[in-house]
Amino acid sequence: MARLLIRGFEVWKSHLDSKAQAALIDALRPILKAAPLFNPSTASGKKMSVRMTSAGSCGWISDTSGYRYEPDHPAGRPWPAIPESILSIWRDTSGLDRLPDSCLINYYGEDTKMGLHQDKDEADFSWPVVSVSLGDDALFRMGNPTRGGKTESLWLSSGDVVVMGGEARLSYHGIDRIRFKSSRLLPKGGRINLTLRVVT
DNA sequence: GAGTTACG
DNA sequence: CACG
């Protein structure tokens, strides 16, 4: 549907219809079984409210040792492969031949928030980051490449895709609020965000 | 350091 | 009292 450009963030509203969204949830089920969600902490030892896991050749990890990409789930097994249905969202929205190495899977519950941050643990910032929203609505905040200054917020809903490339690739962004049970995609409520990245 | 809160 |  509509494509908005806000501070360099490319927002594809309603990119995925409800059938495609349901198919993605089905594709995620075996991944979450093989690589269960875990509750990370920041480098300073504070618990994050989001729960996460990954698919792909590497996954983003945060613990008291710091932020990095690892080839294995904390339990020791390699991350599951990224399903074709997810790779095809990357192709459609990025238009690139190169595929992402990593798909971070974040689960947001009723009170989960994600503070303003940059995605900067990747080797080459010329590749965009693609973010897929599934489930409950989320208030997304978009800032600037440096801390401070004005920000703009936008409600993201299930099926929306955000592409962070170019001037927005290193821009601060975060999630301020979840409208719990605003969507019926996940019967128990909550939001799943998929973040696709070229890491290496 | 992807956290939390105060404050205008 | 919601927002930045």
# chains A, B, ... in the order shown; residues from 1 in each chain; ligands from 1
$ select_by_dssp --residues "stretch 11-183 of chain A" --states "helix (DSSP H, G or I)" --output "ChimeraX atom specification"
/A:18-34,84-94,166-168
$ closest_atom_pairs --of "chain B" --to "chain A" --cutoff "10 Å" --atoms "only C-alpha atoms (C1' of nucleotides)" --output "JSON lines"
{"residue": "B:DG1", "atom": "C1'", "partner": "A:Ala43", "partner_atom": "CA", "distance": 6.2}
{"residue": "B:DA2", "atom": "C1'", "partner": "A:His117", "partner_atom": "CA", "distance": 5.5}
{"residue": "B:DG3", "atom": "C1'", "partner": "A:Lys46", "partner_atom": "CA", "distance": 6.1}
{"residue": "B:DT4", "atom": "C1'", "partner": "A:Gly115", "partner_atom": "CA", "distance": 9.5}
$ write_last_selection --atoms "all heavy atoms" --output "compact mmCIF listing (two decimals), in the first residue's frame"
# COMPACT_ATOMS: atom_id res chain seq x y z
P DG B 1 27.08 3.19 28.80
OP1 DG B 1 26.66 4.54 29.13
OP2 DG B 1 26.90 2.12 29.79
O5' DG B 1 26.33 2.66 27.49
C5' DG B 1 26.24 3.48 26.34
C4' DG B 1 25.60 2.65 25.26
O4' DG B 1 26.54 1.67 24.75
C3' DG B 1 24.38 1.85 25.70
O3' DG B 1 23.52 1.74 24.60
C2' DG B 1 24.96 0.50 26.02
C1' DG B 1 25.98 0.38 24.91
N9 DG B 1 27.07 -0.56 25.19
C8 DG B 1 27.56 -0.94 26.40
N7 DG B 1 28.53 -1.79 26.34
C5 DG B 1 28.71 -1.98 24.98
C6 DG B 1 29.62 -2.78 24.27
O6 DG B 1 30.48 -3.51 24.75
N1 DG B 1 29.45 -2.66 22.90
C2 DG B 1 28.52 -1.87 22.29
N2 DG B 1 28.52 -1.90 20.98
N3 DG B 1 27.67 -1.11 22.94
C4 DG B 1 27.81 -1.22 24.27
P DA B 2 22.31 2.77 24.64
OP1 DA B 2 22.40 3.90 23.74
OP2 DA B 2 22.16 2.97 26.07
O5' DA B 2 21.14 1.83 24.09
C5' DA B 2 20.66 0.82 24.95
C4' DA B 2 19.63 0.11 24.15
O4' DA B 2 20.18 -0.70 23.09
C3' DA B 2 18.74 -0.86 24.96
O3' DA B 2 17.50 -0.24 24.99
C2' DA B 2 18.73 -2.11 24.11
C1' DA B 2 19.16 -1.59 22.77
N9 DA B 2 19.62 -2.58 21.82
C8 DA B 2 20.25 -3.75 22.05
N7 DA B 2 20.54 -4.44 21.00
C5 DA B 2 20.06 -3.67 19.97
C6 DA B 2 20.07 -3.84 18.59
N6 DA B 2 20.58 -4.91 17.99
N1 DA B 2 19.51 -2.86 17.84
C2 DA B 2 18.98 -1.79 18.47
N3 DA B 2 18.92 -1.52 19.76
C4 DA B 2 19.49 -2.51 20.47
P DG B 3 16.53 -0.31 26.09
OP1 DG B 3 15.68 -1.47 25.89
OP2 DG B 3 15.99 1.03 26.07
O5' DG B 3 17.36 -0.48 27.46
C5' DG B 3 17.36 -1.72 28.17
C4' DG B 3 17.20 -1.41 29.64
O4' DG B 3 18.24 -0.48 30.02
C3' DG B 3 15.85 -0.72 29.94
O3' DG B 3 15.29 -1.20 31.15
C2' DG B 3 16.23 0.75 30.05
C1' DG B 3 17.67 0.70 30.55
N9 DG B 3 18.42 1.82 30.01
C8 DG B 3 18.76 2.05 28.70
N7 DG B 3 19.39 3.16 28.52
C5 DG B 3 19.49 3.71 29.78
C6 DG B 3 20.06 4.92 30.20
O6 DG B 3 20.62 5.78 29.52
N1 DG B 3 19.93 5.10 31.57
C2 DG B 3 19.33 4.22 32.43
N2 DG B 3 19.29 4.56 33.70
N3 DG B 3 18.78 3.07 32.05
C4 DG B 3 18.89 2.89 30.71
P DT B 4 13.77 -0.93 31.52
OP1 DT B 4 13.34 -2.05 32.36
OP2 DT B 4 13.08 -0.65 30.25
O5' DT B 4 13.75 0.41 32.38
C5' DT B 4 14.32 0.39 33.67
C4' DT B 4 14.35 1.78 34.25
O4' DT B 4 15.26 2.60 33.51
C3' DT B 4 13.00 2.51 34.23
O3' DT B 4 12.60 2.73 35.56
C2' DT B 4 13.28 3.83 33.51
C1' DT B 4 14.80 3.93 33.59
N1 DT B 4 15.38 4.67 32.44
C2 DT B 4 16.09 5.83 32.66
O2 DT B 4 16.26 6.30 33.78
N3 DT B 4 16.59 6.43 31.54
C4 DT B 4 16.46 5.99 30.24
O4 DT B 4 16.96 6.61 29.30
C5 DT B 4 15.73 4.77 30.06
C7 DT B 4 15.53 4.21 28.71
C6 DT B 4 15.22 4.18 31.16
$ closest_atom_pairs --of "chain A" --to "chain C" --cutoff "12 Å" --atoms "only C-alpha atoms (C1' of nucleotides)" --output "tab-separated table"
residue	atom	partner	partner_atom	distance
A:Arg141	CA	C:DG4	C1'	10.3
A:Met142	CA	C:DG4	C1'	11.6
A:Gly143	CA	C:DG4	C1'	10.9
A:Gly148	CA	C:DG4	C1'	10.1
A:Gly149	CA	C:DG4	C1'	9.3
A:Lys150	CA	C:DG4	C1'	7.5
A:Thr151	CA	C:DG4	C1'	7.3
A:Glu152	CA	C:DG4	C1'	8.9
A:Ser153	CA	C:DG4	C1'	9.9
A:Asp176	CA	C:DC3	C1'	11.2
$ write_last_selection --atoms "N, CA, C and O atoms" --output "compact mmCIF listing (two decimals), in the first residue's frame"
# COMPACT_ATOMS: atom_id res chain seq x y z
N ARG A 141 9.41 5.34 17.31
CA ARG A 141 9.96 6.69 17.40
C ARG A 141 11.21 6.78 16.54
O ARG A 141 12.09 5.93 16.62
N MET A 142 11.28 7.82 15.72
CA MET A 142 12.39 7.99 14.78
C MET A 142 13.15 9.26 15.12
O MET A 142 12.58 10.35 15.19
N GLY A 143 14.45 9.10 15.32
CA GLY A 143 15.29 10.23 15.68
C GLY A 143 16.31 10.55 14.60
O GLY A 143 16.02 10.44 13.40
N GLY A 148 19.83 13.15 20.63
CA GLY A 148 19.24 14.46 20.84
C GLY A 148 18.52 14.97 19.60
O GLY A 148 18.47 14.30 18.57
N GLY A 149 17.95 16.14 19.72
CA GLY A 149 17.18 16.73 18.62
C GLY A 149 15.76 16.22 18.60
O GLY A 149 15.34 15.45 19.46
N LYS A 150 15.03 16.70 17.62
CA LYS A 150 13.61 16.34 17.52
C LYS A 150 13.44 14.89 17.06
O LYS A 150 14.29 14.35 16.37
N THR A 151 12.34 14.29 17.47
CA THR A 151 11.99 12.95 17.01
C THR A 151 10.56 12.98 16.48
O THR A 151 9.81 13.91 16.76
N GLU A 152 10.20 11.96 15.71
CA GLU A 152 8.83 11.83 15.23
C GLU A 152 8.36 10.42 15.52
O GLU A 152 9.12 9.47 15.40
N SER A 153 7.09 10.29 15.87
CA SER A 153 6.53 8.98 16.19
C SER A 153 5.45 8.58 15.19
O SER A 153 4.77 9.43 14.62
N ASP A 176 8.12 2.94 21.91
CA ASP A 176 7.69 3.55 23.17
C ASP A 176 6.51 2.84 23.83
O ASP A 176 6.33 2.94 25.05
$ atom_distance --atom1 "atom CA of A:Pro128" --atom2 "atom CA of A:Ser94"
7.3 Å
$ atom_distance --atom1 "atom CA of A:Leu87" --atom2 "atom CA of A:Ile105"
13.7 Å
$ select_by_dssp --residues "chain A" --states "strand (DSSP E or B)" --output "NGL selection string"
:A and (3-6 or 9-12 or 38 or 41 or 47 or 51-56 or 59-63 or 66-70 or 72 or 78 or 102-108 or 114-117 or 129-135 or 137-142 or 152-156 or 161-164 or 173-179 or 191-197)
$ decode --residues "stretch 184-200 of chain A" --atoms "all heavy atoms" --output "mmCIF file, in the first residue's frame"
data_model
loop_
_atom_site.group_PDB
_atom_site.id
_atom_site.type_symbol
_atom_site.label_atom_id
_atom_site.label_comp_id
_atom_site.auth_asym_id
_atom_site.auth_seq_id
_atom_site.Cartn_x
_atom_site.Cartn_y
_atom_site.Cartn_z
ATOM 1 N N ARG A 184 -5.404 -9.335 16.171
ATOM 2 C CA ARG A 184 -5.804 -10.707 16.494
ATOM 3 C C ARG A 184 -4.849 -11.728 15.901
ATOM 4 O O ARG A 184 -5.104 -12.932 15.956
ATOM 5 C CB ARG A 184 -7.242 -10.960 16.026
ATOM 6 C CG ARG A 184 -8.216 -10.023 16.713
ATOM 7 C CD ARG A 184 -9.666 -10.465 16.620
ATOM 8 N NE ARG A 184 -10.028 -11.014 15.305
ATOM 9 C CZ ARG A 184 -11.280 -11.247 14.927
ATOM 10 N NH1 ARG A 184 -12.262 -10.948 15.765
ATOM 11 N NH2 ARG A 184 -11.555 -11.756 13.752
ATOM 12 N N LEU A 185 -3.727 -11.258 15.347
ATOM 13 C CA LEU A 185 -2.792 -12.193 14.702
ATOM 14 C C LEU A 185 -2.210 -13.176 15.716
ATOM 15 O O LEU A 185 -2.078 -14.365 15.432
ATOM 16 C CB LEU A 185 -1.672 -11.414 14.004
ATOM 17 C CG LEU A 185 -0.693 -12.267 13.198
ATOM 18 C CD1 LEU A 185 -1.383 -12.898 11.988
ATOM 19 C CD2 LEU A 185 0.508 -11.449 12.739
ATOM 20 N N LEU A 186 -1.837 -12.662 16.877
ATOM 21 C CA LEU A 186 -1.301 -13.519 17.944
ATOM 22 C C LEU A 186 -2.380 -13.610 19.023
ATOM 23 O O LEU A 186 -2.622 -12.630 19.741
ATOM 24 C CB LEU A 186 -0.021 -12.915 18.530
ATOM 25 C CG LEU A 186 1.104 -12.642 17.522
ATOM 26 C CD1 LEU A 186 2.258 -11.900 18.193
ATOM 27 C CD2 LEU A 186 1.605 -13.951 16.923
ATOM 28 N N PRO A 187 -3.027 -14.758 19.149
ATOM 29 C CA PRO A 187 -4.167 -14.879 20.083
ATOM 30 C C PRO A 187 -3.817 -14.468 21.512
ATOM 31 O O PRO A 187 -4.663 -13.937 22.220
ATOM 32 C CB PRO A 187 -4.520 -16.361 20.020
ATOM 33 C CG PRO A 187 -4.009 -16.822 18.699
ATOM 34 C CD PRO A 187 -2.782 -16.004 18.414
ATOM 35 N N LYS A 188 -2.577 -14.705 21.917
ATOM 36 C CA LYS A 188 -2.184 -14.334 23.284
ATOM 37 C C LYS A 188 -1.753 -12.878 23.392
ATOM 38 O O LYS A 188 -1.418 -12.406 24.473
ATOM 39 C CB LYS A 188 -1.055 -15.245 23.776
ATOM 40 C CG LYS A 188 -1.485 -16.712 23.886
ATOM 41 C CD LYS A 188 -0.341 -17.611 24.315
ATOM 42 C CE LYS A 188 0.092 -17.348 25.762
ATOM 43 N NZ LYS A 188 1.125 -18.333 26.203
ATOM 44 N N GLY A 189 -1.759 -12.170 22.263
ATOM 45 C CA GLY A 189 -1.366 -10.765 22.274
ATOM 46 C C GLY A 189 0.126 -10.586 22.097
ATOM 47 O O GLY A 189 0.904 -11.542 22.134
ATOM 48 N N GLY A 190 0.537 -9.345 21.909
ATOM 49 C CA GLY A 190 1.941 -9.030 21.742
ATOM 50 C C GLY A 190 2.318 -8.746 20.299
ATOM 51 O O GLY A 190 1.495 -8.851 19.389
ATOM 52 N N ARG A 191 3.554 -8.353 20.128
ATOM 53 C CA ARG A 191 4.061 -7.971 18.810
ATOM 54 C C ARG A 191 5.369 -8.703 18.537
ATOM 55 O O ARG A 191 6.212 -8.832 19.423
ATOM 56 C CB ARG A 191 4.299 -6.461 18.775
ATOM 57 C CG ARG A 191 5.069 -5.971 17.553
ATOM 58 C CD ARG A 191 5.219 -4.466 17.580
ATOM 59 N NE ARG A 191 5.813 -3.952 16.357
ATOM 60 C CZ ARG A 191 7.078 -3.578 16.230
ATOM 61 N NH1 ARG A 191 7.894 -3.659 17.267
ATOM 62 N NH2 ARG A 191 7.532 -3.114 15.085
ATOM 63 N N ILE A 192 5.495 -9.175 17.298
ATOM 64 C CA ILE A 192 6.761 -9.750 16.850
ATOM 65 C C ILE A 192 7.353 -8.812 15.815
ATOM 66 O O ILE A 192 6.659 -8.389 14.884
ATOM 67 C CB ILE A 192 6.562 -11.162 16.270
ATOM 68 C CG1 ILE A 192 6.218 -12.142 17.394
ATOM 69 C CG2 ILE A 192 7.819 -11.624 15.533
ATOM 70 C CD1 ILE A 192 5.917 -13.548 16.923
ATOM 71 N N ASN A 193 8.607 -8.463 15.998
ATOM 72 C CA ASN A 193 9.308 -7.660 15.009
ATOM 73 C C ASN A 193 10.469 -8.477 14.443
ATOM 74 O O ASN A 193 11.251 -9.056 15.192
ATOM 75 C CB ASN A 193 9.850 -6.368 15.635
ATOM 76 C CG ASN A 193 10.523 -5.493 14.598
ATOM 77 O OD1 ASN A 193 9.857 -4.917 13.747
ATOM 78 N ND2 ASN A 193 11.831 -5.416 14.641
ATOM 79 N N LEU A 194 10.535 -8.520 13.123
ATOM 80 C CA LEU A 194 11.644 -9.193 12.447
ATOM 81 C C LEU A 194 12.588 -8.126 11.929
ATOM 82 O O LEU A 194 12.157 -7.188 11.261
ATOM 83 C CB LEU A 194 11.113 -10.024 11.265
ATOM 84 C CG LEU A 194 9.980 -10.994 11.575
ATOM 85 C CD1 LEU A 194 9.480 -11.657 10.287
ATOM 86 C CD2 LEU A 194 10.447 -12.047 12.567
ATOM 87 N N THR A 195 13.865 -8.238 12.265
ATOM 88 C CA THR A 195 14.850 -7.274 11.783
ATOM 89 C C THR A 195 15.870 -7.995 10.915
ATOM 90 O O THR A 195 16.618 -8.847 11.407
ATOM 91 C CB THR A 195 15.569 -6.582 12.957
ATOM 92 O OG1 THR A 195 14.611 -6.165 13.919
ATOM 93 C CG2 THR A 195 16.339 -5.369 12.466
ATOM 94 N N LEU A 196 15.865 -7.648 9.634
ATOM 95 C CA LEU A 196 16.748 -8.311 8.672
ATOM 96 C C LEU A 196 17.978 -7.447 8.429
ATOM 97 O O LEU A 196 17.847 -6.251 8.136
ATOM 98 C CB LEU A 196 16.001 -8.533 7.354
ATOM 99 C CG LEU A 196 14.738 -9.387 7.496
ATOM 100 C CD1 LEU A 196 13.909 -9.356 6.222
ATOM 101 C CD2 LEU A 196 15.121 -10.812 7.828
ATOM 102 N N ARG A 197 19.164 -8.075 8.546
ATOM 103 C CA ARG A 197 20.401 -7.304 8.405
ATOM 104 C C ARG A 197 21.474 -8.084 7.661
ATOM 105 O O ARG A 197 21.609 -9.301 7.842
ATOM 106 C CB ARG A 197 20.962 -6.923 9.780
ATOM 107 C CG ARG A 197 20.018 -6.181 10.705
ATOM 108 C CD ARG A 197 20.786 -5.743 11.940
ATOM 109 N NE ARG A 197 19.979 -5.028 12.919
ATOM 110 C CZ ARG A 197 19.513 -5.571 14.031
ATOM 111 N NH1 ARG A 197 19.743 -6.830 14.302
ATOM 112 N NH2 ARG A 197 18.845 -4.847 14.892
ATOM 113 N N VAL A 198 22.240 -7.360 6.865
ATOM 114 C CA VAL A 198 23.494 -7.898 6.323
ATOM 115 C C VAL A 198 24.555 -7.586 7.366
ATOM 116 O O VAL A 198 24.818 -6.416 7.654
ATOM 117 C CB VAL A 198 23.846 -7.244 4.971
ATOM 118 C CG1 VAL A 198 25.229 -7.690 4.514
ATOM 119 C CG2 VAL A 198 22.800 -7.587 3.919
ATOM 120 N N VAL A 199 25.135 -8.616 7.943
ATOM 121 C CA VAL A 199 26.016 -8.427 9.105
ATOM 122 C C VAL A 199 27.486 -8.388 8.702
ATOM 123 O O VAL A 199 28.261 -7.575 9.201
ATOM 124 C CB VAL A 199 25.781 -9.554 10.131
ATOM 125 C CG1 VAL A 199 26.793 -9.489 11.268
ATOM 126 C CG2 VAL A 199 24.363 -9.462 10.675
ATOM 127 N N THR A 200 27.873 -9.291 7.794
ATOM 128 C CA THR A 200 29.309 -9.454 7.500
ATOM 129 C C THR A 200 29.737 -8.748 6.208
ATOM 130 O O THR A 200 28.918 -8.511 5.340
ATOM 131 C CB THR A 200 29.657 -10.934 7.366
ATOM 132 O OG1 THR A 200 28.829 -11.531 6.362
ATOM 133 C CG2 THR A 200 29.434 -11.647 8.676
#
